[in-house]
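Coordinates from final.tsv are shown below (TSV, C-alpha atoms and all ligand atoms).
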chain	number	residue	atom	x	y	z
A	71	MET	CA	20.20	-17.61	-1.07
A	72	PRO	CA	18.05	-19.78	1.22
A	73	ALA	CA	16.57	-22.86	-0.49
A	74	GLU	CA	13.13	-21.26	-0.44
A	75	LEU	CA	12.13	-17.62	-0.14
A	76	SER	CA	9.50	-16.95	2.52
A	77	PRO	CA	6.05	-15.97	1.16
A	78	ILE	CA	6.66	-12.36	2.20
A	79	ASP	CA	10.05	-12.19	0.44
A	80	THR	CA	8.51	-13.87	-2.60
A	81	ALA	CA	5.81	-11.19	-2.64
A	82	LYS	CA	8.42	-8.42	-2.37
A	83	PHE	CA	10.56	-9.97	-5.10
A	84	THR	CA	7.49	-10.41	-7.33
A	85	ALA	CA	6.46	-6.75	-7.03
A	86	ALA	CA	10.04	-5.57	-7.58
A	87	ARG	CA	10.63	-7.85	-10.58
A	88	ARG	CA	7.46	-6.65	-12.32
A	89	ALA	CA	8.16	-2.97	-11.57
A	90	VAL	CA	11.57	-2.97	-13.24
A	91	ASP	CA	9.80	-3.88	-16.51
A	92	PHE	CA	8.78	-0.20	-16.58
A	93	VAL	CA	12.41	0.93	-16.71
A	94	GLN	CA	13.56	1.95	-20.17
A	95	ASP	CA	17.02	2.47	-21.62
A	96	GLY	CA	18.52	5.86	-20.75
A	97	MET	CA	16.24	6.56	-17.79
A	98	LYS	CA	17.24	8.48	-14.69
A	99	LEU	CA	15.79	6.56	-11.77
A	100	GLY	CA	15.05	7.20	-8.12
A	101	LEU	CA	16.04	4.12	-6.13
A	102	GLY	CA	13.97	3.63	-2.98
A	103	THR	CA	14.97	2.26	0.41
A	104	GLY	CA	13.88	-0.81	2.37
A	105	SER	CA	13.71	-4.57	1.86
A	106	THR	CA	11.32	-4.39	-1.13
A	107	ALA	CA	13.37	-1.64	-2.76
A	108	ALA	CA	16.50	-3.75	-2.24
A	109	TRP	CA	14.85	-6.46	-4.37
A	110	MET	CA	14.17	-3.83	-7.01
A	111	VAL	CA	17.84	-2.78	-7.01
A	112	ARG	CA	18.87	-6.44	-7.49
A	113	CYS	CA	16.38	-6.93	-10.33
A	114	LEU	CA	17.51	-3.69	-11.97
A	115	ALA	CA	21.16	-4.70	-11.67
A	116	GLU	CA	20.26	-7.95	-13.42
A	117	ARG	CA	18.80	-6.02	-16.37
A	118	VAL	CA	21.86	-3.73	-16.47
A	119	ARG	CA	24.14	-6.74	-16.56
A	120	GLU	CA	22.11	-9.02	-18.85
A	121	GLU	CA	20.63	-6.52	-21.30
A	122	GLY	CA	23.20	-3.73	-21.17
A	123	LEU	CA	20.41	-1.39	-19.97
A	124	ARG	CA	21.85	2.10	-19.45
A	125	VAL	CA	20.41	3.91	-16.43
A	126	GLN	CA	21.50	6.41	-13.83
A	127	GLY	CA	20.28	5.76	-10.30
A	128	VAL	CA	19.69	8.32	-7.58
A	129	PRO	CA	19.61	6.43	-4.27
A	130	THR	CA	17.40	7.59	-1.40
A	131	SER	CA	19.74	6.45	1.37
A	132	THR	CA	23.35	5.50	2.02
A	133	ARG	CA	22.18	1.85	2.28
A	134	THR	CA	20.65	1.89	-1.19
A	135	ALA	CA	23.65	3.77	-2.63
A	136	GLU	CA	25.98	1.08	-1.31
A	137	LEU	CA	23.85	-1.76	-2.68
A	138	ALA	CA	23.43	-0.12	-6.10
A	139	ARG	CA	27.16	0.58	-6.44
A	140	ASP	CA	28.06	-2.94	-5.30
A	141	LEU	CA	25.78	-4.39	-7.98
A	142	GLY	CA	27.13	-2.21	-10.77
A	143	ILE	CA	24.31	0.32	-11.19
A	144	PRO	CA	25.73	3.76	-12.09
A	145	VAL	CA	24.89	6.11	-9.21
A	146	VAL	CA	24.61	9.90	-9.41
A	147	THR	CA	23.37	12.51	-6.95
A	148	LEU	CA	20.00	14.20	-7.36
A	149	ASP	CA	21.85	17.47	-7.97
A	150	GLU	CA	23.67	15.84	-10.87
A	151	ALA	CA	20.50	14.28	-12.30
A	152	LYS	CA	18.24	17.25	-11.39
A	153	TRP	CA	15.05	15.56	-12.65
A	154	LEU	CA	14.14	11.88	-12.85
A	155	ASP	CA	12.00	9.82	-15.20
A	156	LEU	CA	10.84	7.35	-12.59
A	157	THR	CA	11.20	6.48	-8.91
A	158	ILE	CA	10.50	2.98	-7.63
A	159	ASP	CA	10.17	2.61	-3.88
A	160	GLY	CA	8.45	0.56	-1.18
A	161	ALA	CA	5.86	1.79	1.32
A	162	ASP	CA	4.66	0.96	4.80
A	163	GLU	CA	1.00	1.48	3.89
A	164	PHE	CA	-0.99	2.54	0.83
A	165	ASP	CA	-4.70	3.32	0.44
A	166	ALA	CA	-7.13	3.22	-2.49
A	167	ASP	CA	-6.06	6.73	-3.60
A	168	PHE	CA	-2.38	5.63	-3.55
A	169	ASN	CA	-1.65	7.87	-0.57
A	170	LEU	CA	1.20	6.39	1.43
A	171	ILE	CA	2.87	6.15	4.78
A	172	LYS	CA	6.62	5.88	4.33
A	173	GLY	CA	9.64	6.20	6.58
A	174	GLY	CA	9.68	2.84	8.35
A	175	GLY	CA	13.30	2.67	7.23
A	176	ALA	CA	13.95	6.28	8.33
A	177	ALA	CA	14.63	7.47	4.78
A	178	LEU	CA	11.42	9.44	4.21
A	179	LEU	CA	13.10	12.82	3.64
A	180	GLN	CA	15.32	11.78	0.76
A	181	GLU	CA	12.56	9.47	-0.48
A	182	LYS	CA	10.06	12.33	-0.69
A	183	ILE	CA	12.53	14.73	-2.31
A	184	VAL	CA	13.49	12.12	-4.91
A	185	ALA	CA	9.90	10.98	-5.60
A	186	THR	CA	8.65	14.55	-6.08
A	187	ALA	CA	11.54	15.27	-8.45
A	188	SER	CA	10.35	12.42	-10.72
A	189	ASP	CA	7.87	12.27	-13.58
A	190	ARG	CA	6.37	9.12	-12.06
A	191	MET	CA	6.51	7.13	-8.84
A	192	ILE	CA	5.83	3.41	-8.70
A	193	VAL	CA	5.29	1.82	-5.30
A	194	ILE	CA	6.16	-1.84	-4.89
A	195	ALA	CA	4.51	-3.69	-2.02
A	196	ASP	CA	3.23	-6.97	-0.73
A	197	ALA	CA	-0.54	-7.20	-0.35
A	198	ALA	CA	-0.40	-6.69	3.43
A	199	LYS	CA	0.58	-3.04	2.90
A	200	GLU	CA	-2.85	-2.16	1.47
A	201	VAL	CA	-5.19	-0.50	3.99
A	202	ALA	CA	-8.70	0.97	3.87
A	203	GLN	CA	-7.48	3.92	5.93
A	204	LEU	CA	-3.92	4.98	6.71
A	205	GLY	CA	-2.62	5.07	10.27
A	206	ALA	CA	-2.20	1.57	11.71
A	207	PHE	CA	1.51	1.91	10.88
A	208	PRO	CA	3.05	4.64	13.07
A	209	LEU	CA	3.57	7.80	11.02
A	210	PRO	CA	7.28	8.79	10.95
A	211	VAL	CA	8.07	12.49	11.22
A	212	GLU	CA	11.65	13.70	10.72
A	213	VAL	CA	12.60	16.50	13.15
A	214	ILE	CA	15.84	18.36	13.75
A	215	PRO	CA	17.58	17.34	17.00
A	216	PHE	CA	17.69	20.93	18.32
A	217	GLY	CA	14.69	21.35	20.66
A	218	TRP	CA	13.15	18.05	19.62
A	219	GLN	CA	11.25	17.72	22.91
A	220	SER	CA	9.53	21.08	22.27
A	221	THR	CA	8.76	19.96	18.72
A	222	LYS	CA	7.28	16.75	20.14
A	223	LEU	CA	5.06	18.80	22.50
A	224	LEU	CA	3.89	20.98	19.62
A	225	ILE	CA	3.08	17.88	17.55
A	226	GLU	CA	1.12	16.38	20.46
A	227	GLU	CA	-0.84	19.63	20.87
A	228	THR	CA	-1.52	19.77	17.15
A	229	LEU	CA	-2.81	16.20	17.12
A	230	VAL	CA	-5.56	17.15	19.60
A	231	GLY	CA	-7.33	19.03	16.80
A	232	MET	CA	-6.82	16.31	14.20
A	233	ASP	CA	-9.04	13.46	13.02
A	234	VAL	CA	-6.95	10.61	14.45
A	235	LEU	CA	-7.76	7.76	16.83
A	236	ASP	CA	-4.70	7.81	19.10
A	237	ARG	CA	-1.99	10.39	19.85
A	238	GLN	CA	1.13	8.65	21.20
A	239	VAL	CA	4.41	10.14	19.98
A	240	THR	CA	7.69	8.26	20.50
A	241	LEU	CA	11.30	9.02	19.65
A	242	ARG	CA	12.79	6.31	17.43
A	243	MET	CA	15.85	4.78	19.07
A	244	SER	CA	18.84	2.84	17.82
A	245	GLY	CA	20.00	0.95	20.89
A	246	ASP	CA	20.41	3.46	23.70
A	247	ALA	CA	20.65	6.56	21.49
A	248	PRO	CA	18.14	8.33	19.25
A	249	LEU	CA	18.26	6.97	15.71
A	250	LEU	CA	19.95	9.42	13.35
A	251	THR	CA	18.72	9.71	9.76
A	252	ASP	CA	21.09	10.17	6.81
A	253	GLU	CA	20.55	13.92	7.31
A	254	ARG	CA	21.46	13.52	10.99
A	255	ASN	CA	17.94	14.27	12.19
A	256	TYR	CA	15.66	12.36	14.59
A	257	ILE	CA	12.47	10.45	13.81
A	258	LEU	CA	9.33	10.83	15.90
A	259	ASP	CA	6.82	8.02	15.35
A	260	LEU	CA	3.19	9.11	15.67
A	261	HIS	CA	1.00	6.22	16.82
A	262	LEU	CA	-2.36	7.37	15.48
A	263	LYS	CA	-4.13	4.07	14.66
A	264	ARG	CA	-6.33	5.82	12.08
A	265	ILE	CA	-5.75	9.00	10.05
A	266	GLY	CA	-9.07	10.49	8.95
A	267	GLU	CA	-7.67	13.39	6.87
A	268	PRO	CA	-4.16	12.50	5.67
A	269	ARG	CA	-3.79	15.56	3.42
A	270	GLN	CA	-4.69	17.97	6.20
A	271	LEU	CA	-2.41	16.19	8.67
A	272	ALA	CA	0.52	16.22	6.24
A	273	MET	CA	0.19	19.96	5.64
A	274	THR	CA	-0.34	20.81	9.32
A	275	LEU	CA	2.65	18.81	10.56
A	276	ASN	CA	4.95	20.58	8.11
A	277	GLN	CA	3.91	23.97	9.57
A	278	ILE	CA	5.52	23.10	12.92
A	279	ALA	CA	8.99	24.59	13.48
A	280	GLY	CA	11.45	21.76	13.95
A	281	VAL	CA	9.58	19.39	11.63
A	282	VAL	CA	11.62	18.72	8.52
A	283	GLU	CA	9.18	16.39	6.73
A	284	ASN	CA	6.51	13.82	7.46
A	285	GLY	CA	6.00	10.32	6.03
A	286	LEU	CA	2.61	10.98	4.39
A	287	PHE	CA	3.03	10.89	0.62
A	288	ILE	CA	-0.11	12.51	-0.79
A	289	ASP	CA	-0.74	12.60	-4.57
A	290	ILE	CA	2.84	11.49	-5.28
A	291	CYS	CA	2.42	7.84	-6.26
A	292	ASP	CA	1.08	7.03	-9.76
A	293	MET	CA	1.19	3.26	-9.82
A	294	VAL	CA	1.22	0.44	-7.27
A	295	VAL	CA	2.62	-2.99	-8.05
A	296	VAL	CA	1.37	-5.54	-5.55
A	297	GLY	CA	3.20	-8.84	-5.24
A	298	HIS	CA	1.85	-12.06	-3.75
A	299	GLY	CA	3.56	-15.01	-2.10
A	300	ASP	CA	2.82	-17.34	-5.03
A	301	GLY	CA	4.29	-15.17	-7.81
A	302	ARG	CA	1.03	-13.44	-8.78
A	303	VAL	CA	1.33	-9.71	-9.32
A	304	THR	CA	-1.16	-6.88	-9.87
A	305	VAL	CA	-0.24	-3.59	-11.53
A	306	ARG	CA	-2.60	-0.77	-10.64
A	307	ASP	CA	-2.45	2.50	-12.53
A	308	LEU	CA	-4.20	5.39	-10.75
A	309	GLN	CA	-4.76	7.65	-13.75
A	310	ALA	CA	-5.82	4.91	-16.15
A	311	GLY	CA	-7.96	3.33	-13.41
A	312	LEU	CA	-6.66	-0.04	-14.57
A	313	ALA	CA	-5.56	-3.17	-12.76
A	314	GLU	CA	-3.64	-5.82	-14.67
A	315	ASP	CA	-2.92	-9.23	-13.23
A	316	GLY	CA	0.15	-11.24	-14.13
A	317	ARG	CA	2.68	-13.70	-12.84
A	318	VAL	CA	6.42	-13.54	-12.27
A	319	ASN	CA	8.75	-16.48	-12.80
A	320	LEU	CA	10.03	-17.28	-9.32
A	321	ASP	CA	13.11	-19.02	-10.72
A	322	ASP	CA	14.32	-15.50	-11.59
A	323	ALA	CA	14.89	-14.81	-7.88
A	324	ARG	CA	17.13	-17.84	-7.65
A	325	ASN	CA	18.99	-16.82	-10.83
A	326	ILE	CA	19.50	-13.27	-9.59
A	327	PHE	CA	21.04	-14.52	-6.37
A	328	ALA	CA	23.17	-17.02	-8.23
A	329	ASP	CA	24.40	-14.34	-10.66
A	330	LEU	CA	25.20	-12.01	-7.78
A	331	GLY	CA	27.01	-14.75	-5.94
A	332	GLU	CA	24.74	-14.29	-2.88
B	1	LIG	C1	11.95	3.48	4.14
B	1	LIG	C2	10.59	3.23	3.61
B	1	LIG	C3	10.32	1.87	3.06
B	1	LIG	O1	9.96	1.98	1.73
B	1	LIG	C4	9.21	1.25	3.84
B	1	LIG	O2	9.58	1.24	5.20
B	1	LIG	C5	8.93	-0.17	3.36
B	1	LIG	O3	10.01	-0.99	3.70
B	1	LIG	P1	10.00	-2.56	3.38
B	1	LIG	O4	10.01	-2.69	1.90
B	1	LIG	O5	11.26	-3.07	4.03
B	1	LIG	O6	8.76	-3.14	4.00
B	1	LIG	O7	9.73	4.07	3.58
B	1	LIG	O8	12.03	4.75	4.73
Could you render the structure from this file as structure tokens?
Ligand code: 5RP
Amino acid sequence: MPAELSPIDTAKFTAARRAVDFVQDGMKLGLGTGSTAAWMVRCLAERVREEGLRVQGVPTSTRTAELARDLGIPVVTLDEAKWLDLTIDGADEFDADFNLIKGGGAALLQEKIVATASDRMIVIADAAKEVAQLGAFPLPVEVIPFGWQSTKLLIEETLVGMDVLDRQVTLRMSGDAPLLTDERNYILDLHLKRIGEPRQLAMTLNQIAGVVENGLFIDICDMVVVGHGDGRVTVRDLQAGLAEDGRVNLDDARNIFADLGE
């Protein structure tokens, strides 16, 4: 581990560390994808190792599955688990209603399936992910490779009638080739700058043939845990309308890395 975590990594660790407090013995858990979710997997592994916490994890990507297995978290498929108690995942943006943009890490399809098969979803994020209105982050849309250019045209046409500020659509690349998701699909990134009606856009995009799923998570997230670069953390519960401030011991990050031999 580097001598000092950057403020952004500290914020991610802080959110992740606080969120795993909500994990109880025996839970079936959705394990998100991304750098913040990777912190959560490390913090969860620490509880499994230190407290003997028994959990089953359903990863939302091959990357997360590998990390969870490496750190000793028992991993099962969603078909084996069928229904989950809790999913903890990161986000690219969240608004005041806890609507999200996800998919920056190209895992939105499995992430949405896993989150919607859970009693509760907790999003872990640094404070920069909070927005007044969604859309500054390009909205990822997973499409099947067959006829993707026609699908792109249909999306562009559809966007003309939508309450958005910009309408650029780009194919996500990995080097010289289109990036392939875990389901071997492509990602189109919709550069919209501002999304006026996220619910309407989410439903409309999913009507287009060739679209598998979009990265708008509407009415899925129940709680947001926001971490800050100095160890402060805020837990916001949508239903309870509560916000609770706290602080995470930053030495824990160092201990976790030491214990993992990283
Ligand atoms: C992956 C995601 C991630 O949760 C999102 O991109 C946030 O990632 P990070 O925690 O690295 O900022 O949706 O598909």
List all protein, DNA and RNA residues that have at least one atom no more than 6 Å from any atom of ligand LIG 1 (chain B), counting only C-alpha atoms and all ligand atoms, and write them as a PDB file with C-alpha atoms, in the frame of the given file.
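What landed in part25.pdb:
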ATOM      1  CA  THR A 103      14.970   2.260   0.410  1.00  0.00           C
ATOM      2  CA  GLY A 104      13.880  -0.810   2.370  1.00  0.00           C
ATOM      3  CA  SER A 105      13.710  -4.570   1.860  1.00  0.00           C
ATOM      4  CA  THR A 106      11.320  -4.390  -1.130  1.00  0.00           C
ATOM      5  CA  ALA A 107      13.370  -1.640  -2.760  1.00  0.00           C
ATOM      6  CA  ASP A 159      10.170   2.610  -3.880  1.00  0.00           C
ATOM      7  CA  GLY A 160       8.450   0.560  -1.180  1.00  0.00           C
ATOM      8  CA  ALA A 161       5.860   1.790   1.320  1.00  0.00           C
ATOM      9  CA  ASP A 162       4.660   0.960   4.800  1.00  0.00           C
ATOM     10  CA  LYS A 172       6.620   5.880   4.330  1.00  0.00           C
ATOM     11  CA  GLY A 173       9.640   6.200   6.580  1.00  0.00           C
ATOM     12  CA  GLY A 174       9.680   2.840   8.350  1.00  0.00           C
ATOM     13  CA  GLY A 175      13.300   2.670   7.230  1.00  0.00           C
ATOM     14  CA  ALA A 176      13.950   6.280   8.330  1.00  0.00           C
ATOM     15  CA  ALA A 177      14.630   7.470   4.780  1.00  0.00           C
ATOM     16  CA  LEU A 178      11.420   9.440   4.210  1.00  0.00           C
TER      17      LEU A 178
END
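Within 6 Å of segment 279-283 of chain A, once all atoms listed in the file are used and residues closer than 3 positions along the same chain are dropped, the contacting residues are Glu212, Val213, Ile214, Thr221 and Asn276 of chain A.
The protein and nucleic acid residues lying at most 9 Å from Asp167 of chain A are A:Ile288, A:Asp289, A:Cys291, A:Leu308, with all atoms listed in the file considered and sequence neighbours fewer than 4 positions away removed.
Nearest-residue note for Asp322 of chain A: choosing from A:Phe216, A:Val146, A:Gly301, A:Phe164, the minimum distance belongs to A:Gly301, counting all atoms listed in the file.
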**Prompt:** So which residues touch Met97 of chain A within 9 Å, counting all atoms listed in the file, skipping near sequence neighbours fewer than 5 positions away, as a PyMOL selection string?
**Reply:** chain A and resi 124-127+154-156
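Our summary of the geometry notes that atom CA of Trp109 of chain A is positioned 29.5 Å from atom CA of Arg264 of chain A.
With all atoms listed in the file as the basis for measurement, A:Ile171 is the residue among A:Ile326, A:Ile143, A:Ile171, A:Val305 that approaches Ala206 of chain A most closely.
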